[in-house]
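K.L.:
See work-v1.cif below, with mmCIF, C-alpha atoms.
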```
data_final
#
loop_
_atom_site.label_atom_id
_atom_site.label_comp_id
_atom_site.auth_asym_id
_atom_site.auth_seq_id
_atom_site.Cartn_x
_atom_site.Cartn_y
_atom_site.Cartn_z
CA MET L 24 -18.34 -9.54 20.70
CA ASP L 25 -19.43 -8.88 24.29
CA THR L 26 -21.67 -5.96 25.22
CA ALA L 27 -18.92 -3.83 26.81
CA ALA L 28 -16.67 -4.12 23.78
CA ARG L 29 -19.60 -3.46 21.43
CA GLU L 30 -20.60 -0.28 23.29
CA LYS L 31 -17.03 1.02 23.32
CA LEU L 32 -16.46 0.11 19.68
CA LEU L 33 -19.57 2.05 18.69
CA LYS L 34 -18.22 5.04 20.64
CA VAL L 35 -14.95 4.72 18.69
CA LEU L 36 -16.89 4.71 15.41
CA LYS L 37 -18.87 7.76 16.54
CA GLY L 38 -15.65 9.55 17.46
CA GLU L 39 -16.50 9.69 21.16
CA LEU L 40 -13.53 7.50 22.09
CA LYS L 41 -10.12 7.33 20.44
CA TYR L 42 -8.49 3.98 19.68
CA THR L 43 -5.66 3.20 17.29
CA SER L 44 -4.82 -0.41 16.45
CA THR L 45 -1.45 -1.73 15.31
CA ASN L 46 -3.36 -3.40 12.47
CA LEU L 47 -3.51 -1.32 9.29
CA ALA L 48 -6.73 -2.81 7.89
CA PHE L 49 -8.52 -2.35 11.20
CA ASN L 50 -7.54 1.32 11.35
CA MET L 51 -8.58 1.84 7.73
CA LEU L 52 -11.92 0.15 8.43
CA ILE L 53 -12.54 2.26 11.56
CA SER L 54 -11.75 5.39 9.56
CA LYS L 55 -14.13 4.32 6.76
CA MET L 56 -16.94 3.53 9.22
CA GLN L 57 -16.41 6.82 11.08
CA LYS L 58 -16.98 8.69 7.82
CA LYS L 59 -20.12 6.69 7.03
CA ILE L 60 -21.60 7.42 10.45
CA LYS L 61 -20.64 11.07 10.21
CA GLU L 62 -22.41 11.27 6.82
CA ASP L 63 -25.52 9.61 8.20
CA PRO L 64 -25.94 8.40 11.80
CA ALA L 65 -28.48 5.87 10.49
CA ASN L 66 -25.47 3.91 9.15
CA GLU L 67 -24.52 2.89 12.69
CA GLU L 68 -26.00 -0.58 12.57
CA MET L 69 -24.62 -1.36 9.12
CA CYS L 70 -21.15 -0.16 10.21
CA MET L 71 -21.21 -2.28 13.37
CA LYS L 72 -22.18 -5.27 11.24
CA GLU L 73 -19.19 -4.65 8.98
CA MET L 74 -16.89 -4.38 12.00
CA ASP L 75 -18.35 -7.63 13.31
CA GLU L 76 -17.66 -9.39 10.02
CA PHE L 77 -14.06 -8.18 10.00
CA LEU L 78 -13.41 -9.20 13.59
CA THR L 79 -15.02 -12.59 13.05
CA LYS L 80 -12.83 -13.19 10.02
CA TYR L 81 -9.67 -12.07 11.81
CA PRO L 82 -9.77 -13.45 15.35
CA ILE L 83 -6.08 -12.58 15.76
CA VAL L 84 -7.02 -8.89 15.49
CA ALA L 85 -10.21 -9.30 17.49
CA LYS L 86 -8.49 -10.94 20.45
CA VAL L 87 -6.08 -8.04 21.06
CA ASP L 88 -8.06 -5.06 19.82
CA LEU L 89 -11.42 -5.92 21.36
CA ALA L 90 -9.78 -6.41 24.75
CA ASN L 91 -8.08 -3.04 24.38
CA ILE L 92 -11.27 -1.34 23.22
CA ALA L 93 -13.31 -2.85 26.07
CA ALA L 94 -10.76 -1.43 28.50
CA LEU L 95 -11.06 2.13 27.19
CA MET F 20 16.87 -12.31 -1.49
CA LEU F 21 18.91 -11.02 -4.40
CA ILE F 22 20.08 -13.93 -6.53
CA THR F 23 21.47 -14.61 -9.99
CA LEU F 24 19.52 -15.47 -13.12
CA GLU F 25 20.80 -19.06 -12.96
CA GLU F 26 19.71 -19.47 -9.34
CA THR F 27 16.26 -18.06 -10.16
CA VAL F 28 15.83 -20.36 -13.18
CA LYS F 29 16.76 -23.32 -10.96
CA MET F 30 14.09 -22.38 -8.39
CA ILE F 31 11.45 -21.99 -11.11
CA ASN F 32 12.37 -25.33 -12.66
CA GLU F 33 12.12 -26.97 -9.23
CA GLY F 34 8.45 -25.89 -9.22
CA LYS F 35 8.79 -23.34 -6.45
CA ILE F 36 6.15 -20.61 -6.12
CA LEU F 37 7.92 -17.28 -6.52
CA HIS F 38 7.43 -13.53 -6.46
CA ILE F 39 10.18 -11.91 -8.55
CA ALA F 40 11.32 -8.32 -9.04
CA ALA F 41 14.06 -7.50 -11.51
CA ASP F 42 15.06 -5.48 -14.51
CA ASP F 43 13.15 -6.38 -17.67
CA SER F 44 16.33 -7.73 -19.29
CA LEU F 45 16.36 -10.53 -16.67
CA LEU F 46 12.62 -11.19 -16.26
CA GLY F 47 12.34 -11.75 -20.02
CA LYS F 48 14.82 -14.63 -19.80
CA LEU F 49 12.93 -16.63 -17.17
CA PRO F 50 11.18 -19.89 -18.06
CA LYS F 51 7.48 -20.47 -17.47
CA GLY F 52 6.57 -21.57 -13.97
CA LYS F 53 4.67 -20.71 -10.83
CA TRP F 54 5.72 -17.11 -10.57
CA ILE F 55 4.67 -13.52 -11.07
CA GLY F 56 7.02 -10.60 -11.48
CA GLY F 57 7.43 -6.92 -12.06
CA THR F 58 10.17 -4.67 -13.35
CA THR F 59 12.49 -2.55 -11.23
CA PRO F 60 16.27 -2.35 -11.04
CA TYR F 61 16.20 -0.83 -7.52
CA PHE F 62 16.21 -2.92 -4.36
CA ILE F 63 16.76 -2.86 -0.63
CA SER F 64 18.95 -5.91 -0.01
CA GLU F 65 20.48 -7.30 3.18
CA GLU F 66 23.56 -5.26 2.25
CA GLY F 67 21.56 -2.07 1.72
CA GLY F 68 19.89 -0.17 -1.08
CA ILE F 69 21.22 -1.18 -4.49
CA PHE F 70 20.67 -0.52 -8.20
CA THR F 71 21.37 -3.63 -10.26
CA LYS F 72 20.40 -5.22 -13.56
CA GLU F 73 22.50 -8.29 -12.77
CA LYS F 74 20.37 -9.88 -10.04
CA LEU F 75 16.74 -10.64 -9.26
CA PHE F 76 14.91 -10.19 -5.98
CA VAL F 77 13.08 -13.43 -5.28
CA ASN F 78 10.64 -14.35 -2.51
CA GLU F 79 9.64 -17.97 -2.21
CA ILE F 80 5.97 -18.50 -1.32
CA ASP F 81 6.50 -21.71 0.63
CA PHE F 82 3.46 -21.31 2.88
CA ALA F 83 0.77 -21.62 0.19
CA ALA F 84 -1.84 -24.35 0.30
CA ASP F 85 -2.60 -23.50 -3.31
CA ILE F 86 -2.22 -20.64 -5.80
CA LYS F 87 -3.83 -19.30 -8.92
CA VAL F 88 -2.60 -16.53 -11.20
CA ALA F 89 -4.76 -14.10 -13.16
CA VAL F 90 -4.33 -11.01 -15.30
CA TYR F 91 -6.74 -8.05 -15.25
CA GLY F 92 -7.28 -4.83 -17.13
CA LYS F 93 -8.95 -1.62 -16.04
CA TYR F 94 -12.45 -2.94 -16.75
CA ASN F 95 -12.25 -5.98 -14.48
CA ILE F 96 -9.55 -5.20 -11.92
CA PHE F 97 -11.98 -5.25 -9.01
CA GLN F 98 -12.76 -8.91 -9.65
CA VAL F 99 -9.79 -9.41 -7.32
CA VAL F 100 -12.18 -8.89 -4.41
CA GLU F 101 -14.48 -11.66 -5.67
CA GLU F 102 -11.95 -14.17 -6.97
CA CYS F 103 -9.62 -14.26 -3.99
CA TYR F 104 -9.46 -17.19 -1.58
CA ASP F 105 -11.56 -16.77 1.55
CA ASN F 106 -8.51 -17.37 3.74
CA GLY F 107 -5.76 -16.10 1.56
CA LEU F 108 -3.45 -13.36 0.43
CA THR F 109 -3.73 -11.56 -2.87
CA MET F 110 -0.46 -10.35 -4.31
CA MET F 111 -0.77 -7.82 -7.12
CA ILE F 112 1.68 -6.00 -9.41
CA MET F 113 0.65 -3.22 -11.79
CA PRO F 114 2.79 -1.21 -14.24
CA TYR F 115 3.54 2.42 -13.44
CA GLY F 116 1.51 4.81 -15.56
CA SER F 117 -0.99 2.16 -16.69
CA LYS F 118 -4.72 2.77 -16.84
CA VAL F 119 -5.36 -0.23 -14.64
CA ALA F 120 -3.12 1.24 -11.93
CA ALA F 121 -4.89 4.61 -12.18
CA LYS F 122 -8.31 2.95 -11.99
CA TYR F 123 -7.30 0.88 -8.97
CA ALA F 124 -5.73 3.89 -7.24
CA LYS F 125 -8.82 6.05 -7.65
CA GLU F 126 -11.54 3.54 -6.88
CA ALA F 127 -10.13 0.92 -4.51
CA PRO F 128 -10.88 2.82 -1.27
CA GLU F 129 -14.58 2.86 -2.15
CA VAL F 130 -14.82 -0.82 -3.06
CA GLU F 131 -17.01 -2.82 -0.68
CA GLU F 132 -15.26 -5.72 1.04
CA LEU F 133 -11.79 -4.44 0.05
CA LEU F 134 -10.53 -4.53 3.63
CA MET F 135 -11.91 -8.03 4.18
CA HIS F 136 -9.28 -9.55 1.90
CA PRO F 137 -5.55 -8.91 2.36
CA ILE F 138 -4.25 -7.36 -0.87
CA VAL F 139 -0.57 -6.50 -1.03
CA GLY F 140 1.59 -5.49 -3.94
CA TRP F 141 3.42 -2.83 -5.82
CA ILE F 142 3.70 -0.72 -8.91
CA SER F 143 6.45 -1.86 -11.26
CA GLY F 144 8.91 0.66 -12.61
CA PHE F 145 12.10 1.11 -14.58
CA ASP F 146 15.59 2.57 -14.63
CA LEU F 147 15.04 6.29 -14.12
CA GLY F 148 18.20 6.96 -16.11
CA GLY F 149 17.05 4.91 -19.11
CA GLU F 150 14.16 4.60 -21.48
CA SER F 151 12.62 1.26 -20.57
CA GLU F 152 8.98 0.86 -19.57
CA ALA F 153 7.30 -0.69 -16.58
CA LYS F 154 6.05 -4.25 -17.08
CA VAL F 155 4.50 -7.09 -15.17
CA TYR F 156 4.98 -10.78 -15.90
CA ASP F 157 2.65 -13.74 -15.60
CA GLY F 158 5.18 -16.54 -15.24
CA THR F 159 2.55 -19.24 -15.76
CA SER F 160 2.02 -18.10 -19.36
CA GLY F 161 5.35 -16.38 -19.93
CA GLU F 162 3.51 -13.24 -21.05
CA SER F 163 4.47 -9.71 -20.08
CA TYR F 164 2.21 -6.66 -20.00
CA THR F 165 2.51 -2.89 -19.81
CA ASP F 166 -1.23 -2.32 -19.30
CA ARG F 167 -2.42 -5.18 -17.12
CA ALA F 168 -2.27 -6.13 -13.46
CA VAL F 169 -0.89 -9.55 -12.65
CA VAL F 170 -2.29 -11.17 -9.56
CA MET F 171 -1.29 -14.23 -7.58
CA TYR F 172 -3.99 -15.53 -5.26
CA ILE F 173 -2.39 -17.46 -2.44
CA LYS F 174 -4.56 -19.86 -0.49
CA LEU F 175 -3.40 -20.18 3.10
CA PRO F 176 -3.64 -23.22 5.35
CA GLU F 177 -6.58 -22.92 7.77
CA ASP F 178 -4.35 -22.13 10.75
CA LYS F 179 -2.55 -19.25 9.01
CA THR F 180 -3.55 -15.61 8.55
CA ALA F 181 -1.96 -12.95 6.35
CA MET F 182 -1.35 -9.56 7.92
CA ILE F 183 -0.40 -6.52 5.87
CA ASN F 184 1.21 -3.54 7.46
CA MET F 185 3.42 -0.61 6.68
CA ILE F 186 6.23 1.52 8.03
CA ASN F 187 5.62 5.17 7.30
CA ILE F 188 8.31 7.63 8.31
CA PHE F 189 6.02 10.59 7.71
CA THR F 190 3.59 12.17 10.09
CA ASP F 191 1.75 15.46 10.36
CA ASP F 192 1.68 18.42 12.68
CA LYS F 193 -1.92 18.88 13.81
CA THR F 194 -1.39 22.63 14.08
CA ASP F 195 -0.64 22.85 10.33
CA PRO F 196 -3.40 23.96 7.93
CA VAL F 197 -5.95 21.35 6.87
CA ILE F 198 -6.11 20.78 3.12
CA ARG F 199 -9.25 19.31 1.50
CA PHE F 200 -9.92 18.42 -2.12
CA TYR F 201 -13.18 18.53 -4.04
CA ASP F 202 -12.91 15.22 -5.88
CA ASN F 203 -10.99 11.95 -6.07
CA ASP F 204 -8.27 12.86 -8.54
CA LEU F 205 -4.67 12.43 -9.65
CA SER F 206 -4.39 16.09 -10.54
CA VAL F 207 -6.05 19.18 -9.09
CA SER F 208 -6.14 22.92 -9.48
CA LYS F 209 -8.25 23.99 -6.49
CA CYS F 210 -8.46 22.87 -2.92
CA SER F 211 -9.50 24.38 0.38
CA VAL F 212 -6.98 25.30 3.05
CA ASN F 213 -8.58 25.73 6.47
CA GLY F 214 -11.87 26.23 4.64
CA GLN F 215 -10.59 28.89 2.21
CA GLU F 216 -10.57 27.97 -1.48
CA VAL F 217 -7.15 28.42 -3.07
CA ASN F 218 -5.23 27.37 -6.16
CA PHE F 219 -3.11 24.55 -4.77
CA ALA F 220 -0.10 25.13 -7.05
CA GLN F 221 0.01 28.81 -6.16
CA TYR F 222 -0.45 27.99 -2.48
CA ILE F 223 2.55 25.63 -2.54
CA LYS F 224 4.73 28.20 -4.28
CA LYS F 225 3.63 31.07 -2.05
CA LYS F 226 4.33 29.08 1.12
CA GLY F 227 7.59 27.65 -0.26
CA LEU F 228 6.47 24.13 0.68
CA ASP F 229 8.88 21.24 0.08
CA THR F 230 7.10 18.95 -2.41
CA LYS F 231 9.45 16.08 -1.57
CA MET F 232 7.30 15.79 1.54
CA PRO F 233 4.01 13.99 0.85
CA LEU F 234 0.54 15.01 1.89
CA VAL F 235 -0.49 12.82 4.80
CA ALA F 236 -3.96 11.79 5.88
CA ASP F 237 -4.73 10.29 9.25
CA TYR F 238 -6.74 7.07 8.90
CA ASN F 239 -7.43 6.48 12.59
CA GLY F 240 -3.75 6.70 13.46
CA SER F 241 -2.40 5.04 10.31
CA TYR F 242 -0.92 7.73 8.11
CA ILE F 243 -1.50 7.38 4.37
CA ASN F 244 0.76 9.42 2.09
CA THR F 245 0.06 11.02 -1.26
CA SER F 246 3.22 12.15 -3.03
CA ILE F 247 3.43 15.18 -5.27
CA LYS F 248 4.56 14.43 -8.80
CA GLU F 249 4.62 17.86 -10.36
CA VAL F 250 3.63 21.45 -9.64
CA SER F 251 2.90 23.42 -12.79
CA LYS F 252 1.68 27.00 -13.08
CA ASP F 253 -1.79 26.25 -11.79
CA ARG F 254 -2.11 22.48 -11.33
CA VAL F 255 -0.62 19.90 -9.01
CA SER F 256 -0.38 16.24 -9.99
CA PHE F 257 0.12 13.31 -7.64
CA TYR F 258 1.54 9.77 -7.72
CA ALA F 259 -1.66 8.52 -6.05
CA PRO F 260 -5.06 10.20 -5.96
CA VAL F 261 -6.25 12.61 -3.35
CA PHE F 262 -9.75 11.93 -2.08
CA LYS F 263 -12.60 14.25 -1.24
CA ASN F 264 -13.78 14.24 2.37
CA ILE F 265 -10.29 13.40 3.60
CA GLU F 266 -8.25 15.86 5.65
CA TYR F 267 -4.66 16.28 4.46
CA ARG F 268 -1.66 18.10 5.82
CA PHE F 269 1.87 18.38 4.51
CA ALA F 270 4.18 15.91 6.24
CA VAL F 271 6.64 17.14 8.81
CA ASP F 272 10.13 17.36 7.30
CA VAL F 273 12.31 14.23 7.48
CA ASN F 274 16.06 14.65 7.06
CA ASP F 275 17.51 11.21 7.88
CA TYR F 276 15.32 8.70 6.04
CA SER F 277 17.22 5.53 6.94
CA GLY F 278 17.57 6.66 10.55
CA GLU F 279 13.85 7.42 10.71
CA PHE F 280 13.04 4.00 9.20
CA ARG F 281 15.20 2.27 11.81
CA LYS F 282 13.49 4.28 14.57
CA ARG F 283 10.01 3.37 13.33
CA ILE F 284 10.96 -0.27 12.84
CA SER F 285 12.24 -0.38 16.40
CA GLU F 286 9.05 1.24 17.71
CA ALA F 287 6.88 -1.22 15.74
CA GLY F 288 8.46 -4.17 17.57
CA ALA F 289 9.53 -7.53 16.19
CA HIS F 290 8.09 -8.58 12.87
CA ASP F 291 8.91 -11.35 10.46
CA PRO F 292 8.17 -9.95 7.01
CA ILE F 293 7.88 -12.43 4.16
CA MET F 294 8.13 -9.69 1.59
CA SER F 295 8.39 -5.93 1.66
CA CYS F 296 8.60 -3.12 -0.85
CA ASN F 297 9.76 0.44 -0.37
CA CYS F 298 9.07 3.49 -2.46
CA ILE F 299 11.43 4.84 -5.11
CA LEU F 300 10.86 8.33 -3.70
CA ASN F 301 12.20 7.22 -0.33
CA TYR F 302 15.15 5.64 -2.16
CA GLN F 303 15.85 8.84 -4.09
CA TYR F 304 15.00 11.59 -1.59
CA GLY F 305 16.45 9.64 1.33
CA ASN F 306 19.59 8.43 -0.47
CA LEU F 307 18.86 4.84 0.56
CA ALA F 308 21.53 3.42 -1.79
CA GLY F 309 23.87 1.49 0.50
CA GLN F 310 21.62 2.03 3.53
CA LYS F 311 20.33 -0.99 5.46
CA ILE F 312 16.89 -1.14 7.09
CA PRO F 313 16.71 -4.71 8.40
CA PRO F 314 14.70 -6.91 8.38
CA TYR F 315 12.88 -5.24 5.49
CA THR F 316 14.32 -6.20 2.11
CA GLY F 317 12.67 -6.23 -1.28
CA PRO F 318 12.06 -4.28 -4.44
CA VAL F 319 12.07 -0.50 -4.55
CA THR F 320 8.82 0.33 -6.24
CA PHE F 321 6.88 3.06 -8.01
CA GLY F 322 3.94 2.77 -5.63
CA GLU F 323 2.99 0.35 -2.89
CA ILE F 324 -0.28 -1.50 -2.41
CA ALA F 325 -1.65 -2.28 1.02
CA TYR F 326 -5.33 -2.70 0.10
CA GLN F 327 -5.15 0.67 -1.66
CA LEU F 328 -2.34 2.45 -3.45
CA LEU F 329 0.15 4.15 -1.13
CA ASN F 330 3.14 6.41 -1.74
CA GLN F 331 6.49 6.92 -0.01
CA THR F 332 5.81 3.98 2.27
CA LEU F 333 7.37 0.64 3.17
CA VAL F 334 4.72 -2.08 2.89
CA TYR F 335 5.18 -5.63 4.12
CA TYR F 336 3.24 -8.74 4.92
CA GLU F 337 3.57 -11.45 7.48
CA ILE F 338 2.01 -14.86 7.84
CA LEU F 339 0.74 -15.42 11.37
CA GLY F 340 -0.38 -18.55 13.15
#
```
Produce structure tokens that represent the structure in this file.
P.N.:
Amino acid sequence: MDTAAREKLLKVLKGELKYTSTNLAFNMLISKMQKKIKEDPANEEMCMKEMDEFLTKYPIVAKVDLANIAAL
Amino acid sequence: MLITLEETVKMINEGKILHIAADDSLLGKLPKGKWIGGTTPYFISEEGGIFTKEKLFVNEIDFAADIKVAVYGKYNIFQVVEECYDNGLTMMIMPYGSKVAAKYAKEAPEVEELLMHPIVGWISGFDLGGESEAKVYDGTSGESYTDRAVVMYIKLPEDKTAMINMINIFTDDKTDPVIRFYDNDLSVSKCSVNGQEVNFAQYIKKKGLDTKMPLVADYNGSYINTSIKEVSKDRVSFYAPVFKNIEYRFAVDVNDYSGEFRKRISEAGAHDPIMSCNCILNYQYGNLAGQKIPPYTGPVTFGEIAYQLLNQTLVYYEILG
């Protein structure tokens, strides 16, 4: 994940930017990570790691969604 | 596709890998083979919504590199997250009203790694006008169960990916009151409405809310429904659990279910679903008998699984790549 996409994705997880995917699991994961960060901002790194794992496993999602997120 | 018993037996005997939905009177007659099944006599066919105990809805799994079938109870259901193929699809059927279904419904959203593995499936049901019970079938053993989940793990070729999605005709109005619950539960008495604690049953009655409309929660733009089963004097029970720390609102009224499905399907763009399932509440409340919603055909179910248990939703999966 490049730096621009990473920074924007973190903003999405912190609720500072809004992004909705067409992929159900990705939306559910974003929602879950948003709650974890809201509960404790120290969860940021762990949540980004989980997002990374998901996007690495599903490059079909990553290709479209990361490009869209980077362009926010 | 909806086919006869003889056609289904032929496919099983040819060694085809199948997912089958049908009335119990038909599933019980099938030979052993590479299949799993669940009971329901309600379907959405190419010709529209239909109630039948004469035919079976069969999906051929012709894209699998390999499969394995397993049966789980409430104490080990979450082994599905560990035993699935790394690049695969897990297809699961659980009987309506079973403890394993309740356990999965309540705890799945909190399970680590759940979203890393595509899990799709449905809750089996029965003829609402009869007295039969919901069952699932493990075709590899020929056994049926009323209290177990049957799971088919499908290994995909390296260049294929399974994608699970849904069509939900319900949405919320962000100006409506926010409802929050205090625990993860299938039945509640109290909740908070815009921060004020109320008795939920009394709140529904006082406001004259239509309980055919589900509660909806916004998961980053994907709406997840929770349908109301019953409102008694001071308790409300649900077909899927409500969760604490989730904001709910009552769904905006939908009058033309099939029209709304067609609109949402059109908005979602082209998809090539291998299998789909649609909720019995949509079938009933929306009078889907005879109504077509192409290209989504499949069993009408007593709950839908897209990672977690959903209500009043059309769930489908595609194989990409």
K.L.:
Step by step, work through what the PyMOL selection byres ((chain L) within 10 of (chain F)) selects in the shown file, and finish by giving those residues as a PyMOL selection string.
P.N.:
chain L and resi 35+41-55+57-58+73-74+76-78+80-84
K.L.:
Atom CA of L:Lys34 to atom CA of F:Val261: how many Å, to one decimal?
P.N.:
27.9 Å
K.L.:
Give as an MDAnalysis selection string the set of residues within 6 Å of the point (-1.9, 9.0, -3.6), where distances use the file's coordinates and all atoms listed in the file.
P.N.:
chainID F and resid 245 258:261 329:330
K.L.:
So which residues fall inside 8 Å of (-0.4, 21.3, -6.5) if we count all atoms listed in the file? Mind giving them as number ranges by chain?
P.N.:
F: 206-208, 218-223, 247, 249-251, 253-256
K.L.:
What's the 8 Å shell around stretch 277-282 of chain F, counting all atoms listed in the file, without same-chain residues fewer than 4 positions away, as a ChimeraX atom specification?
P.N.:
/F:186-188,273,286,305,307,310-313
K.L.:
Atom CA of F:Arg268 and atom CA of L:Glu62 are how many Å apart?
P.N.:
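So the answer is 21.9 Å.
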K.L.:
With distances taken over only C-alpha atoms, which residue among F:Trp141, F:Tyr91, F:Tyr267, F:Tyr302 lies nearest F:Phe70?
P.N.:
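Nearest to F:Phe70: F:Tyr302.
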K.L.:
For F:Glu152, find every residue with an atom within 10 Å (counting all atoms listed in the file), except residues of its own chain fewer than 4 positions away, and show them as a PDB file with C-alpha atoms, keeping the file's coordinate frame.
P.N.:
```pdb
ATOM      1  CA  ASP F  43      13.150  -6.380 -17.670  1.00  0.00           C
ATOM      2  CA  THR F  58      10.170  -4.670 -13.350  1.00  0.00           C
ATOM      3  CA  THR F  59      12.490  -2.550 -11.230  1.00  0.00           C
ATOM      4  CA  PRO F 114       2.790  -1.210 -14.240  1.00  0.00           C
ATOM      5  CA  TYR F 115       3.540   2.420 -13.440  1.00  0.00           C
ATOM      6  CA  GLY F 116       1.510   4.810 -15.560  1.00  0.00           C
ATOM      7  CA  SER F 143       6.450  -1.860 -11.260  1.00  0.00           C
ATOM      8  CA  GLY F 144       8.910   0.660 -12.610  1.00  0.00           C
ATOM      9  CA  PHE F 145      12.100   1.110 -14.580  1.00  0.00           C
ATOM     10  CA  ASP F 146      15.590   2.570 -14.630  1.00  0.00           C
ATOM     11  CA  LEU F 147      15.040   6.290 -14.120  1.00  0.00           C
ATOM     12  CA  THR F 165       2.510  -2.890 -19.810  1.00  0.00           C
TER      13      THR F 165
END
```
K.L.:
Between atom CA of F:Glu26 and atom CA of F:Leu75, what is the spacing in Å?
P.N.:
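Straight-line distance from atom CA of F:Leu75 to atom CA of F:Glu26 works out to 9.3 Å.
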K.L.:
On this file, the PyMOL selection byres ((chain F and resi 153-156) around 10) gives some set of residues; write that set as a ChimeraX atom specification.
P.N.:
/F:39-40,42-43,46-47,49,54-59,90,111-117,142-146,150-152,157-170,321
K.L.:
Contacts of F:Gly317 at 6 Å or less, counting all atoms listed in the file, minus same-chain residues fewer than 5 places along, as a CSV table (one decimal) with C-alpha atoms, in the frame of the given file?
P.N.:
```
chain,number,residue,atom,x,y,z
F,62,PHE,CA,16.2,-2.9,-4.4
F,63,ILE,CA,16.8,-2.9,-0.6
F,295,SER,CA,8.4,-5.9,1.7
F,296,CYS,CA,8.6,-3.1,-0.8
```
K.L.:
Run through the PyMOL selection byres ((chain L and resi 25) around 10) on the given coordinates and return the selected residues as a ChimeraX atom specification.
P.N.:
/L:24,26-30,89-90,93
K.L.:
Would you mind telling me which residue in F:Thr109, F:Thr332, F:Gln215, F:Asn203 lies nearest to F:Tyr172 when using all atoms listed in the file?
P.N.:
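Using all atoms listed in the file, F:Tyr172 sits closest to F:Thr109.
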K.L.:
As a list in words, please: the residues near F:Ile293 (cut-off 12 Å, only C-alpha atoms, same-chain neighbours under 4 positions excluded).
P.N.:
Met20, Leu37, His38, Val77, Asn78, Glu79, Ile80, Asp81, Phe82, Leu108, Val139, Ala181, Met182, Ile183, Asn184, Pro314, Tyr315, Thr316, Gly317, Val334, Tyr335, Tyr336, Glu337, Ile338 and Leu339 of chain F
K.L.:
Considering only C-alpha atoms, can you say which of F:Met30, F:Ile36, F:Glu65, F:Lys122 comes closest to F:Ile96?
P.N.:
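When distances to F:Ile96 are compared using only C-alpha atoms, the smallest one comes from F:Lys122.
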K.L.:
Using 3 Å of padding on each side, determine the axis-aligned box around all atoms of stretch 163-171 of chain F present in the file and give its centre and edge lengths in Å to one decimal, as lines of an AutoDock Vina configuration file.
P.N.:
```
center_x = 1.0
center_y = -8.3
center_z = -13.8
size_x = 12.9
size_y = 17.9
size_z = 18.5
```
